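Heads up, input.txt below (compact mmCIF, C-alpha atoms):
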# COMPACT_ATOMS: atom_id res chain seq x y z
CA MET A 1 -33.52 -7.32 10.27
CA GLN A 2 -30.17 -5.59 10.34
CA GLN A 3 -27.20 -7.88 9.80
CA VAL A 4 -24.86 -8.15 12.78
CA LYS A 5 -21.39 -6.94 11.82
CA PRO A 6 -18.41 -9.10 12.81
CA SER A 7 -16.10 -7.95 15.59
CA PHE A 8 -12.86 -6.36 14.41
CA ASN A 9 -10.91 -7.87 17.33
CA LYS A 10 -12.25 -11.39 16.76
CA ARG A 11 -11.69 -11.19 13.01
CA LEU A 12 -8.10 -9.98 13.42
CA LEU A 13 -7.41 -12.62 16.08
CA ALA A 14 -8.76 -15.31 13.74
CA TYR A 15 -6.51 -14.05 10.92
CA ILE A 16 -3.46 -14.11 13.20
CA ALA A 17 -4.33 -17.61 14.46
CA GLY A 18 -4.84 -18.88 10.91
CA PHE A 19 -1.58 -17.36 9.73
CA ALA A 20 0.30 -18.77 12.74
CA THR A 21 -1.17 -22.26 12.16
CA LEU A 22 -0.20 -22.14 8.48
CA LEU A 23 3.27 -20.94 9.39
CA LEU A 24 3.73 -23.74 11.90
CA PHE A 25 2.50 -26.30 9.37
CA PHE A 26 5.15 -25.23 6.88
CA TYR A 27 7.66 -25.12 9.69
CA THR A 28 6.93 -28.80 10.48
CA LEU A 29 7.28 -29.79 6.83
CA LEU A 30 10.54 -27.88 6.63
CA THR A 31 11.76 -29.61 9.78
CA ILE A 32 11.07 -33.04 8.27
CA PHE A 33 12.79 -32.00 5.05
CA TYR A 34 15.88 -30.83 6.90
CA LEU A 35 15.80 -34.02 8.97
CA ASP A 36 16.24 -36.09 5.81
CA LEU A 37 18.85 -33.65 4.57
CA GLY A 38 20.60 -33.75 7.94
CA LEU A 39 20.72 -37.54 7.91
CA GLY A 40 22.51 -37.40 4.56
CA TYR A 41 24.97 -34.78 5.77
CA GLY A 42 25.54 -36.72 8.98
CA LEU A 43 26.35 -39.89 7.09
CA GLN A 44 28.62 -37.96 4.74
CA PHE A 45 30.46 -36.47 7.72
CA GLN A 46 30.97 -39.92 9.28
CA LEU A 47 32.23 -41.43 6.03
CA GLU A 48 34.56 -38.50 5.47
CA GLY A 49 36.06 -39.04 8.92
CA LYS A 50 36.70 -42.73 8.21
CA ALA A 51 38.12 -41.89 4.77
CA ASN A 52 40.51 -39.32 6.24
CA THR A 53 41.68 -41.86 8.84
CA TYR A 54 42.21 -44.48 6.17
CA ARG A 55 44.12 -42.02 3.95
CA LYS A 56 46.61 -41.34 6.73
CA ALA A 57 47.11 -45.06 7.20
CA TYR A 58 47.26 -45.60 3.44
CA LEU A 59 50.01 -43.02 2.98
CA SER A 60 52.08 -44.84 5.62
CA ASP A 61 51.16 -48.34 4.43
CA PRO A 62 49.36 -48.89 1.10
CA ASN A 63 48.25 -52.31 2.31
CA SER A 64 46.33 -50.94 5.32
CA ALA A 65 43.02 -52.64 5.98
CA LEU A 66 39.99 -50.98 4.40
CA PRO A 67 37.27 -49.64 6.75
CA GLN A 68 34.60 -52.34 6.87
CA GLY A 69 31.90 -53.53 9.19
CA GLY A 70 28.17 -53.54 9.71
CA GLU A 71 26.49 -51.63 6.87
CA LEU A 72 29.80 -50.29 5.48
CA PHE A 73 31.53 -51.87 2.50
CA THR A 74 34.69 -50.29 1.08
CA TYR A 75 36.34 -50.86 -2.28
CA ARG A 76 39.62 -49.59 -3.75
CA ASP A 77 38.73 -49.95 -7.41
CA ILE A 78 35.73 -50.25 -9.65
CA GLN A 79 36.57 -53.79 -10.71
CA SER A 80 36.12 -55.11 -7.19
CA MET A 81 32.68 -53.53 -6.76
CA PRO A 82 29.51 -55.62 -7.39
CA LYS A 83 28.22 -55.01 -10.91
CA PRO A 84 24.70 -54.06 -9.72
CA LEU A 85 26.26 -51.09 -7.88
CA LEU A 86 27.78 -49.90 -11.14
CA GLU A 87 24.32 -50.08 -12.69
CA LEU A 88 22.78 -48.10 -9.86
CA PHE A 89 25.33 -45.30 -9.61
CA PRO A 90 26.99 -43.25 -12.41
CA ILE A 91 30.59 -43.91 -11.31
CA GLU A 92 31.92 -41.81 -14.17
CA LYS A 93 30.49 -38.73 -12.47
CA LYS A 94 32.31 -39.37 -9.22
CA LYS A 95 33.99 -36.49 -7.40
CA HIS A 96 36.11 -36.08 -4.33
CA LYS A 97 34.02 -36.33 -1.16
CA GLY A 98 30.91 -36.87 -3.21
CA LEU A 99 27.87 -38.77 -1.91
CA MET A 100 25.37 -40.48 -4.18
CA HIS A 101 22.34 -42.33 -2.90
CA PHE A 102 19.61 -44.71 -3.99
CA VAL A 103 16.36 -44.75 -2.03
CA GLU A 104 13.32 -46.78 -3.03
CA SER A 105 10.43 -48.59 -1.36
CA VAL A 106 10.74 -52.38 -1.54
CA ASP A 107 7.25 -52.58 -3.06
CA ASP A 108 8.38 -50.33 -5.92
CA ILE A 109 11.52 -52.34 -6.80
CA PRO A 110 10.75 -54.72 -9.71
CA LEU A 111 12.24 -58.16 -10.02
CA GLY A 112 15.63 -58.15 -11.66
CA HIS A 113 16.39 -54.62 -10.50
CA PRO A 114 20.05 -54.09 -9.51
CA ALA A 115 18.97 -53.49 -5.93
CA THR A 116 17.63 -57.06 -5.78
CA ARG A 117 20.98 -58.49 -6.91
CA LEU A 118 23.07 -57.38 -3.97
CA PRO A 119 22.52 -60.20 -1.45
CA GLU A 120 25.99 -59.82 0.03
CA LEU A 121 25.19 -56.24 1.03
CA CYS A 122 21.67 -56.61 2.44
CA ASP A 123 21.58 -60.15 3.89
CA ASN A 124 19.95 -61.72 0.86
CA LYS A 125 17.23 -59.04 0.77
CA SER A 126 16.49 -56.16 -1.55
CA CYS A 127 18.44 -53.06 -0.65
CA GLN A 128 16.09 -50.19 -0.01
CA MET A 129 18.72 -47.54 0.65
CA LEU A 130 22.27 -47.41 -0.74
CA PHE A 131 24.88 -44.67 -0.32
CA LEU A 132 28.05 -44.43 -2.36
CA TYR A 133 30.75 -42.13 -1.01
CA THR A 134 33.73 -41.42 -3.33
CA TYR A 135 37.00 -40.17 -1.89
CA GLN A 136 40.21 -39.41 -3.87
CA LEU A 137 43.28 -40.77 -2.07
CA GLU A 138 45.82 -39.66 -4.67
CA LYS A 139 45.76 -38.60 -8.28
CA ASP A 140 44.47 -41.88 -9.70
CA GLU A 141 43.63 -43.64 -6.47
CA TRP A 142 40.05 -43.61 -5.21
CA LEU A 143 38.19 -45.03 -2.29
CA TYR A 144 34.60 -46.24 -2.76
CA MET A 145 32.59 -46.56 0.43
CA VAL A 146 29.10 -48.14 0.26
CA VAL A 147 26.50 -48.05 3.02
CA ALA A 148 23.57 -50.43 2.55
CA LYS A 149 20.36 -50.52 4.57
CA GLU A 150 17.51 -52.98 4.58
CA GLU A 151 13.85 -52.03 4.76
CA SER A 152 13.47 -52.99 8.43
CA GLU A 153 16.58 -51.07 9.44
CA LEU A 154 15.56 -48.05 7.40
CA PHE A 155 12.05 -48.09 8.82
CA GLN A 156 13.29 -48.34 12.37
CA VAL A 157 15.81 -45.53 11.92
CA HIS A 158 13.38 -43.24 10.15
CA HIS A 159 10.52 -44.15 12.46
CA ASP A 160 12.48 -43.29 15.56
CA GLU A 161 13.92 -40.12 14.11
CA LEU A 162 10.68 -38.96 12.59
CA ASN A 163 8.73 -39.64 15.78
CA ARG A 164 11.21 -37.70 17.79
CA VAL A 165 11.24 -34.79 15.36
CA LEU A 166 7.46 -34.82 14.90
CA PHE A 167 6.72 -34.84 18.62
CA LEU A 168 9.29 -32.13 19.15
CA SER A 169 7.92 -30.07 16.25
CA ILE A 170 4.31 -30.47 17.39
CA GLY A 171 5.20 -29.52 20.95
CA ILE A 172 7.19 -26.50 19.85
CA GLY A 173 4.46 -25.58 17.35
CA ILE A 174 1.68 -25.70 19.94
CA ALA A 175 3.75 -23.68 22.38
CA LEU A 176 4.54 -21.10 19.70
CA LEU A 177 0.90 -20.95 18.62
CA VAL A 178 -0.23 -20.34 22.21
CA LEU A 179 2.43 -17.66 22.64
CA ILE A 180 1.42 -15.98 19.37
CA LEU A 181 -2.27 -16.00 20.37
CA ILE A 182 -1.47 -14.59 23.81
CA PHE A 183 0.69 -11.89 22.23
CA ALA A 184 -2.02 -11.11 19.66
CA TYR A 185 -4.67 -10.92 22.40
CA ILE A 186 -2.56 -8.54 24.48
CA LEU A 187 -1.79 -6.47 21.38
CA LEU A 188 -5.46 -6.28 20.39
CA ARG A 189 -6.43 -5.18 23.89
CA LYS A 190 -3.85 -2.41 23.76
CA VAL A 191 -5.07 -1.35 20.31
CA ALA A 192 -8.76 -1.73 21.23
CA LYS A 193 -8.44 0.50 24.29
CA PRO A 194 -8.04 3.78 22.35
CA ILE A 195 -10.60 2.60 19.78
CA ASN A 196 -13.13 2.04 22.57
CA ALA A 197 -12.18 5.45 23.97
CA LEU A 198 -12.88 6.99 20.56
CA THR A 199 -16.24 5.19 20.39
CA ASP A 200 -17.26 6.40 23.86
CA TRP A 201 -16.17 9.94 23.02
CA ALA A 202 -18.16 9.89 19.76
CA ASP A 203 -21.28 8.58 21.58
CA GLN A 204 -21.10 11.43 24.11
CA LEU A 205 -20.23 14.11 21.56
CA THR A 206 -22.81 16.91 21.42
CA LEU A 207 -22.89 20.51 20.34
CA LYS A 208 -22.39 21.56 23.97
CA ASN A 209 -19.11 19.69 24.48
CA LEU A 210 -17.92 20.02 20.90
CA ASN A 211 -15.02 22.28 21.83
CA ASP A 212 -13.85 20.22 24.82
CA PRO A 213 -10.31 18.76 24.59
CA LEU A 214 -9.97 15.44 22.79
CA PRO A 215 -9.33 12.33 24.91
CA ASP A 216 -5.89 10.72 24.82
CA LEU A 217 -6.26 8.29 21.91
CA ARG A 218 -2.56 7.32 21.90
CA TYR A 219 -2.32 6.93 18.11
CA ARG A 220 -2.06 9.74 15.59
CA GLU A 221 -4.50 8.12 13.15
CA LEU A 222 -7.25 7.88 15.78
CA THR A 223 -6.63 11.46 16.86
CA ASN A 224 -6.93 12.61 13.22
CA LEU A 225 -10.18 10.64 12.89
CA ALA A 226 -11.58 12.28 16.04
CA MET A 227 -10.62 15.72 14.73
CA GLN A 228 -12.40 15.00 11.44
CA MET A 229 -15.52 13.87 13.30
CA ARG A 230 -15.48 17.03 15.38
CA ALA A 231 -14.94 19.18 12.28
CA SER A 232 -17.89 17.47 10.54
CA LEU A 233 -20.15 18.05 13.51
CA LYS A 234 -18.96 21.65 13.66
CA LYS A 235 -20.05 22.12 10.05
CA VAL A 236 -23.45 20.65 10.90
CA GLU A 237 -23.69 23.00 13.90
CA ASP A 238 -22.85 26.00 11.72
CA SER A 239 -25.43 24.94 9.15
CA VAL A 240 -28.13 24.42 11.81
CA GLU A 241 -27.30 27.74 13.43
CA HIS A 242 -27.49 29.49 10.05
CA GLU A 243 -30.89 27.95 9.36
CA ARG A 244 -32.10 28.80 12.86
CA LYS A 245 -31.11 32.44 12.42
CA PHE A 246 -32.70 32.59 8.98
CA LEU A 247 -35.91 31.04 10.32
CA ALA A 248 -36.01 33.46 13.27
CA ASN A 249 -35.34 36.47 11.06
CA ALA A 250 -37.89 35.43 8.43
CA SER A 251 -40.55 34.76 11.07
CA HIS A 252 -39.80 38.03 12.79
CA GLU A 253 -40.09 39.98 9.55
CA LEU A 254 -43.40 38.31 8.72
CA ARG A 255 -44.98 39.36 12.02
CA THR A 256 -45.29 43.01 10.91
CA PRO A 257 -47.28 42.50 7.66
CA ILE A 258 -49.46 39.88 9.39
CA ALA A 259 -50.16 42.30 12.25
CA VAL A 260 -51.02 45.01 9.72
CA GLN A 261 -53.37 42.62 7.95
CA GLN A 262 -55.20 41.66 11.16
CA THR A 263 -55.40 45.31 12.26
CA ASN A 264 -57.01 46.29 8.99
CA ILE A 265 -59.46 43.40 9.22
CA SER A 266 -60.48 44.65 12.66
CA LEU A 267 -60.79 48.17 11.28
CA LEU A 268 -63.01 46.95 8.45
CA LYS A 269 -65.23 45.24 10.99
CA LYS A 270 -65.57 48.44 13.00
CA LEU A 271 -66.35 50.46 9.86
CA GLY A 272 -69.07 47.98 8.93
CA VAL A 273 -67.42 47.03 5.68
CA TRP A 274 -66.70 43.54 6.97
CA VAL A 275 -70.01 41.69 6.58
CA ASP A 276 -71.14 38.60 8.47
CA ASP A 277 -74.42 37.69 6.78
CA GLY A 278 -73.57 34.18 5.52
CA SER A 279 -73.12 35.30 1.94
CA GLU A 280 -70.30 34.15 -0.30
CA SER A 281 -68.50 37.44 0.34
CA ALA A 282 -68.77 36.91 4.06
CA LYS A 283 -67.40 33.38 3.71
CA ALA A 284 -64.48 34.67 1.65
CA GLN A 285 -63.77 37.40 4.21
CA ASP A 286 -63.92 34.83 6.99
CA ARG A 287 -61.39 32.67 5.18
CA ILE A 288 -59.10 35.68 4.87
CA TYR A 289 -59.39 36.32 8.59
CA ARG A 290 -58.69 32.69 9.52
CA ALA A 291 -55.74 32.59 7.11
CA SER A 292 -54.23 35.65 8.79
CA VAL A 293 -54.69 34.02 12.21
CA ASN A 294 -53.05 30.84 10.92
CA MET A 295 -50.14 32.83 9.51
CA ARG A 296 -49.65 34.59 12.84
CA GLN A 297 -49.71 31.29 14.72
CA LEU A 298 -47.31 29.73 12.22
CA THR A 299 -44.78 32.54 12.50
CA GLU A 300 -44.99 32.43 16.30
CA THR A 301 -44.42 28.67 16.19
CA LEU A 302 -41.43 29.02 13.89
CA LEU A 303 -39.97 31.62 16.22
CA TRP A 304 -40.56 29.27 19.15
CA LEU A 305 -38.83 26.42 17.31
CA SER A 306 -35.83 28.59 16.50
CA ARG A 307 -35.20 29.45 20.14
CA ASP A 308 -33.27 27.28 22.59
CA PHE A 309 -35.55 27.49 25.60
CA GLN A 310 -37.97 24.61 26.05
CA SER A 311 -40.99 26.28 27.67
CA LEU A 312 -44.26 25.69 25.85
CA PRO A 313 -46.64 28.42 24.80
CA GLN A 314 -49.56 28.91 27.17
CA SER A 315 -52.08 26.04 27.11
CA LYS A 316 -55.83 26.57 26.98
CA PRO A 317 -58.86 24.29 26.55
CA VAL A 318 -59.38 23.42 22.89
CA SER A 319 -62.53 21.92 21.45
CA LEU A 320 -61.23 19.21 19.18
CA LEU A 321 -64.50 18.91 17.28
CA ASP A 322 -64.54 22.64 16.41
CA LEU A 323 -60.82 22.60 15.59
CA ILE A 324 -61.07 19.54 13.34
CA ASN A 325 -64.15 20.94 11.57
CA ASP A 326 -62.36 24.24 10.95
CA LEU A 327 -59.32 22.45 9.55
CA ILE A 328 -61.47 20.25 7.33
CA GLU A 329 -63.26 23.30 5.91
CA GLU A 330 -59.97 25.13 5.38
CA ASN A 331 -58.55 22.21 3.42
CA ARG A 332 -61.72 21.01 1.71
CA TYR A 333 -60.63 22.66 -1.55
CA LEU A 334 -58.04 19.87 -1.79
CA LEU A 335 -60.88 17.33 -2.14
CA LYS A 336 -62.53 19.11 -5.04
CA HIS A 337 -63.31 16.70 -7.91
CA LYS A 338 -62.13 13.75 -5.75
CA LEU A 339 -64.11 10.75 -4.52
CA VAL A 340 -62.95 10.91 -0.91
CA ASP A 341 -65.05 10.26 2.21
CA VAL A 342 -64.09 12.09 5.43
CA GLU A 343 -65.01 10.37 8.70
CA ILE A 344 -64.78 11.86 12.22
CA GLU A 345 -65.02 9.70 15.35
CA ASN A 346 -65.04 10.44 19.11
CA MET A 347 -64.44 14.20 18.88
CA GLY A 348 -66.59 15.33 21.79
CA ALA A 349 -63.84 15.99 24.36
CA ASN A 350 -61.79 19.10 25.01
CA ILE A 351 -58.07 18.96 25.69
CA GLU A 352 -55.77 21.56 27.20
CA VAL A 353 -52.86 22.22 24.85
CA PRO A 354 -51.11 25.20 23.25
CA GLN A 355 -53.66 26.10 20.60
CA SER A 356 -51.22 27.35 17.96
CA LEU A 357 -49.02 24.24 18.14
CA SER A 358 -51.89 21.76 18.09
CA ARG A 359 -53.53 23.60 15.20
CA ILE A 360 -50.36 23.53 13.07
CA VAL A 361 -49.73 19.83 13.80
CA LEU A 362 -53.27 18.70 13.00
CA ASN A 363 -53.56 21.05 10.03
CA ASN A 364 -50.46 19.53 8.41
CA LEU A 365 -51.66 15.98 8.98
CA ILE A 366 -55.13 16.68 7.58
CA ARG A 367 -53.82 18.71 4.65
CA ASN A 368 -51.39 15.96 3.64
CA ALA A 369 -54.11 13.31 3.96
CA PHE A 370 -56.46 15.37 1.75
CA GLN A 371 -53.81 16.33 -0.76
CA TYR A 372 -52.54 12.80 -1.49
CA THR A 373 -55.80 10.86 -1.40
CA HIS A 374 -57.43 10.90 -4.82
CA GLN A 375 -60.02 8.22 -4.23
CA GLY A 376 -60.72 6.49 -0.92
CA PHE A 377 -61.29 7.79 2.60
CA VAL A 378 -59.75 9.90 5.39
CA LYS A 379 -60.58 8.93 8.98
CA ILE A 380 -59.90 11.27 11.92
CA LYS A 381 -60.37 9.71 15.35
CA MET A 382 -59.70 10.59 18.98
CA LEU A 383 -58.95 8.10 21.75
CA ASP A 384 -58.10 9.57 25.16
CA ASN A 385 -55.46 12.21 24.34
CA ASN A 386 -54.47 10.64 21.03
CA ILE A 387 -55.49 11.97 17.64
CA SER A 388 -55.10 9.69 14.65
CA VAL A 389 -55.37 10.65 10.99
CA MET A 390 -55.55 7.78 8.52
CA ASN A 391 -55.89 7.99 4.74
CA GLN A 392 -56.31 5.06 2.40
CA CYS A 393 -56.24 5.30 -1.37
CA SER A 394 -57.87 3.05 -3.90
CA TYR A 395 -54.92 3.38 -6.30
CA SER A 396 -51.84 1.41 -5.26
CA ASP A 397 -49.39 3.90 -6.80
CA GLU A 398 -50.67 6.84 -4.71
CA ILE A 399 -48.75 5.70 -1.64
CA ASN A 400 -45.50 6.23 -3.56
CA ASP A 401 -46.58 9.78 -4.32
CA GLN A 402 -47.22 10.36 -0.62
CA GLU A 403 -43.88 8.93 0.43
CA SER A 404 -41.96 11.19 -1.93
CA SER A 405 -44.05 14.31 -1.22
CA PHE A 406 -44.63 14.41 2.57
CA GLY A 407 -41.74 16.80 3.04
CA LEU A 408 -41.74 20.13 4.85
CA GLY A 409 -45.17 19.77 6.51
CA LEU A 410 -44.41 16.51 8.29
CA ALA A 411 -40.89 17.67 9.12
CA LEU A 412 -42.49 20.64 10.92
CA VAL A 413 -44.87 18.27 12.73
CA GLU A 414 -41.92 16.14 13.92
CA GLN A 415 -40.02 19.20 15.19
CA ILE A 416 -43.02 20.61 17.05
CA CYS A 417 -43.87 17.27 18.68
CA ALA A 418 -40.26 16.63 19.64
CA LYS A 419 -39.85 20.02 21.31
CA ALA A 420 -43.29 19.96 22.94
CA GLY A 421 -42.72 16.45 24.33
CA TRP A 422 -45.60 14.93 22.36
CA ASP A 423 -45.36 11.50 20.85
CA TYR A 424 -45.74 11.39 17.07
CA ARG A 425 -45.69 8.29 14.90
CA MET A 426 -46.44 7.68 11.25
CA GLN A 427 -46.76 4.23 9.74
CA ALA A 428 -47.31 3.11 6.17
CA ILE A 429 -50.39 0.95 5.71
CA GLU A 430 -51.86 -0.66 2.63
CA GLY A 431 -52.75 2.18 0.27
CA GLY A 432 -51.88 5.04 2.61
CA TYR A 433 -50.56 6.24 5.95
CA HIS A 434 -51.69 6.24 9.58
CA SER A 435 -50.43 9.08 11.80
CA VAL A 436 -50.93 9.31 15.56
CA VAL A 437 -50.19 12.27 17.85
CA SER A 438 -50.37 11.94 21.61
CA PHE A 439 -50.78 15.27 23.42
CA ALA A 440 -50.35 13.62 26.87
CA SER A 441 -47.02 13.57 28.67
CA ASP A 442 -47.69 10.00 29.80
CA SER A 443 -47.94 7.93 26.64
CA ALA A 444 -48.62 4.62 28.28
CA ASN A 445 -52.08 4.39 26.74
CA GLN A 446 -51.18 5.55 23.27
CA GLU A 447 -52.98 4.19 20.25
CA SER A 448 -50.80 2.04 18.09
CA PRO A 449 -50.88 3.06 14.41
CA ASN A 450 -52.12 -0.16 12.93

Transcribe the structure of this file into structure tokens.
Amino acid sequence: MQQVKPSFNKRLLAYIAGFATLLLFFYTLLTIFYLDLGLGYGLQFQLEGKANTYRKAYLSDPNSALPQGGELFTYRDIQSMPKPLLELFPIEKKKHKGLMHFVESVDDIPLGHPATRLPELCDNKSCQMLFLYTYQLEKDEWLYMVVAKEESELFQVHHDELNRVLFLSIGIGIALLVLILIFAYILLRKVAKPINALTDWADQLTLKNLNDPLPDLRYRELTNLAMQMRASLKKVEDSVEHERKFLANASHELRTPIAVQQTNISLLKKLGVWVDDGSESAKAQDRIYRASVNMRQLTETLLWLSRDFQSLPQSKPVSLLDLINDLIEENRYLLKHKLVDVEIENMGANIEVPQSLSRIVLNNLIRNAFQYTHQGFVKIKMLDNNISVMNQCSYSDEINDQESSFGLGLALVEQICAKAGWDYRMQAIEGGYHSVVSFASDSANQESPN
């Protein structure tokens, strides 16, 4: 069973959807990252504003009140700061308008940690988040601003912010994903249109319309592909035409020596030299005569195949039993020194067919069956207008010889049957082959080659 190939459009749409989903996933992570970063910058901006306001007041009055209140604690010197803060933050690395932070889950803070020893900052609880903002008032004067947050406050702030950002990101992401898929679908339809046009053009391409103008394929690459397809078919046409001419010329040239041969045979008969007394000489002369007739019929058939018109040669009643017996006798030399039984069944009827074509078809089938059966049987049977030739070998490797050797003869059979409108089938069976030819135009009651 042939494997079904995936659709190019569906595969490309799946790739685009996967890429868009991955892109939106990283976009959401980046949004959350910049949310945290933005919260830090926002706090730094607020503290800088308060520090600038205090500096103006400080320059007018050094005893101005420090900015305090809520989560904000401000110190003018290191000595006034709680010692646990000095353990948490490297004060020696302070810089103007610098922001340092400590963030830790309450569950991860061990007992005795500096964050657990700041009850005055976090209402007798462990501080989960601490910010230290350092601001230089003058050369040796600094302002230390501390923002402390408890776990509940931090959770509430982050929960609200994260929910808002996540819902916003998910909404924007879904909308973008839908827009990307719609855009990809529209794009694929635009791209698929000329591809479908190329496919339809290739399906309808024949030798008759080979030189017709190409359809508008919109893209240069598709046009180049169509031109290559047409050029390839043109090469095939040239090759077929060359072979047809060669076949016609060869067949035409062979007609003269064959006609001379048959004329001389007729002359010998008139002169009495050609004997018909049943002797071995007479049998040999009869074989020569039949061979010349076969050669004439073959050349006429080859000429008929090489021409374009479809009319069949004239039909006449043919005795299948006489024809099959003649063909068996002509090819019996192929069974010499072989253990092969030949069986004939139901050959009493006559059929009306072109004699030369039917003779060549059946002769090739019988000859091939005789030639490639070394031990076994050959059965020739007629059912209605169907003739079947079946050979079966006793040696299992003989079927491989048949498969590799049934060349020109069966190719000629296929061409004749195709042009004459006859149905021809060949099927491999155990140890051999079964061929069926139907000479009727209506093949509803054909014998199946089983």

| field | Distance of atom CA of A:Asn346 from atom CA of A:Gln392, expressed in Å to one decimal place | value |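 Interatomic distance, atom CA of A:Gln392 to atom CA of A:Asn346: 19.6 Å.
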
| request: Can you work out the spacing between atom CA of A:Met145 and atom CA of A:Gln68 in Å, to one decimal? | output: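 Rounded to one decimal, the two atoms are 8.9 Å apart.
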
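Picture a line from atom CA of A:Glu430 to atom CA of A:Tyr372; it runs 14.1 Å.
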
| said: Considering only C-alpha atoms, can you say which of A:Leu207, A:Ile416, A:Leu198, A:Ile186 comes closest to A:Leu298? | reply: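 Of the candidates, the smallest distance to A:Leu298 is held by A:Ile416.
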
Stretch 234-250 of chain A: axis-aligned bounding box, 5 Å on each side, centre and edge lengths in Å, one decimal, as lines of an AutoDock Vina configuration file:
center_x = -28.4
center_y = 28.6
center_z = 11.2
size_x = 28.9
size_y = 25.8
size_z = 15.5

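Between A:Lys139 and the residues A:Lys95, A:Arg218, A:Leu168, A:Val273, the shortest atom-to-atom distance, using only C-alpha atoms, involves A:Lys95.
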
| remark: Of A:Met81, A:Leu323, A:Leu99, A:Ala248, the one sitting nearest A:Leu362 when using all atoms listed in the file is A:Leu323
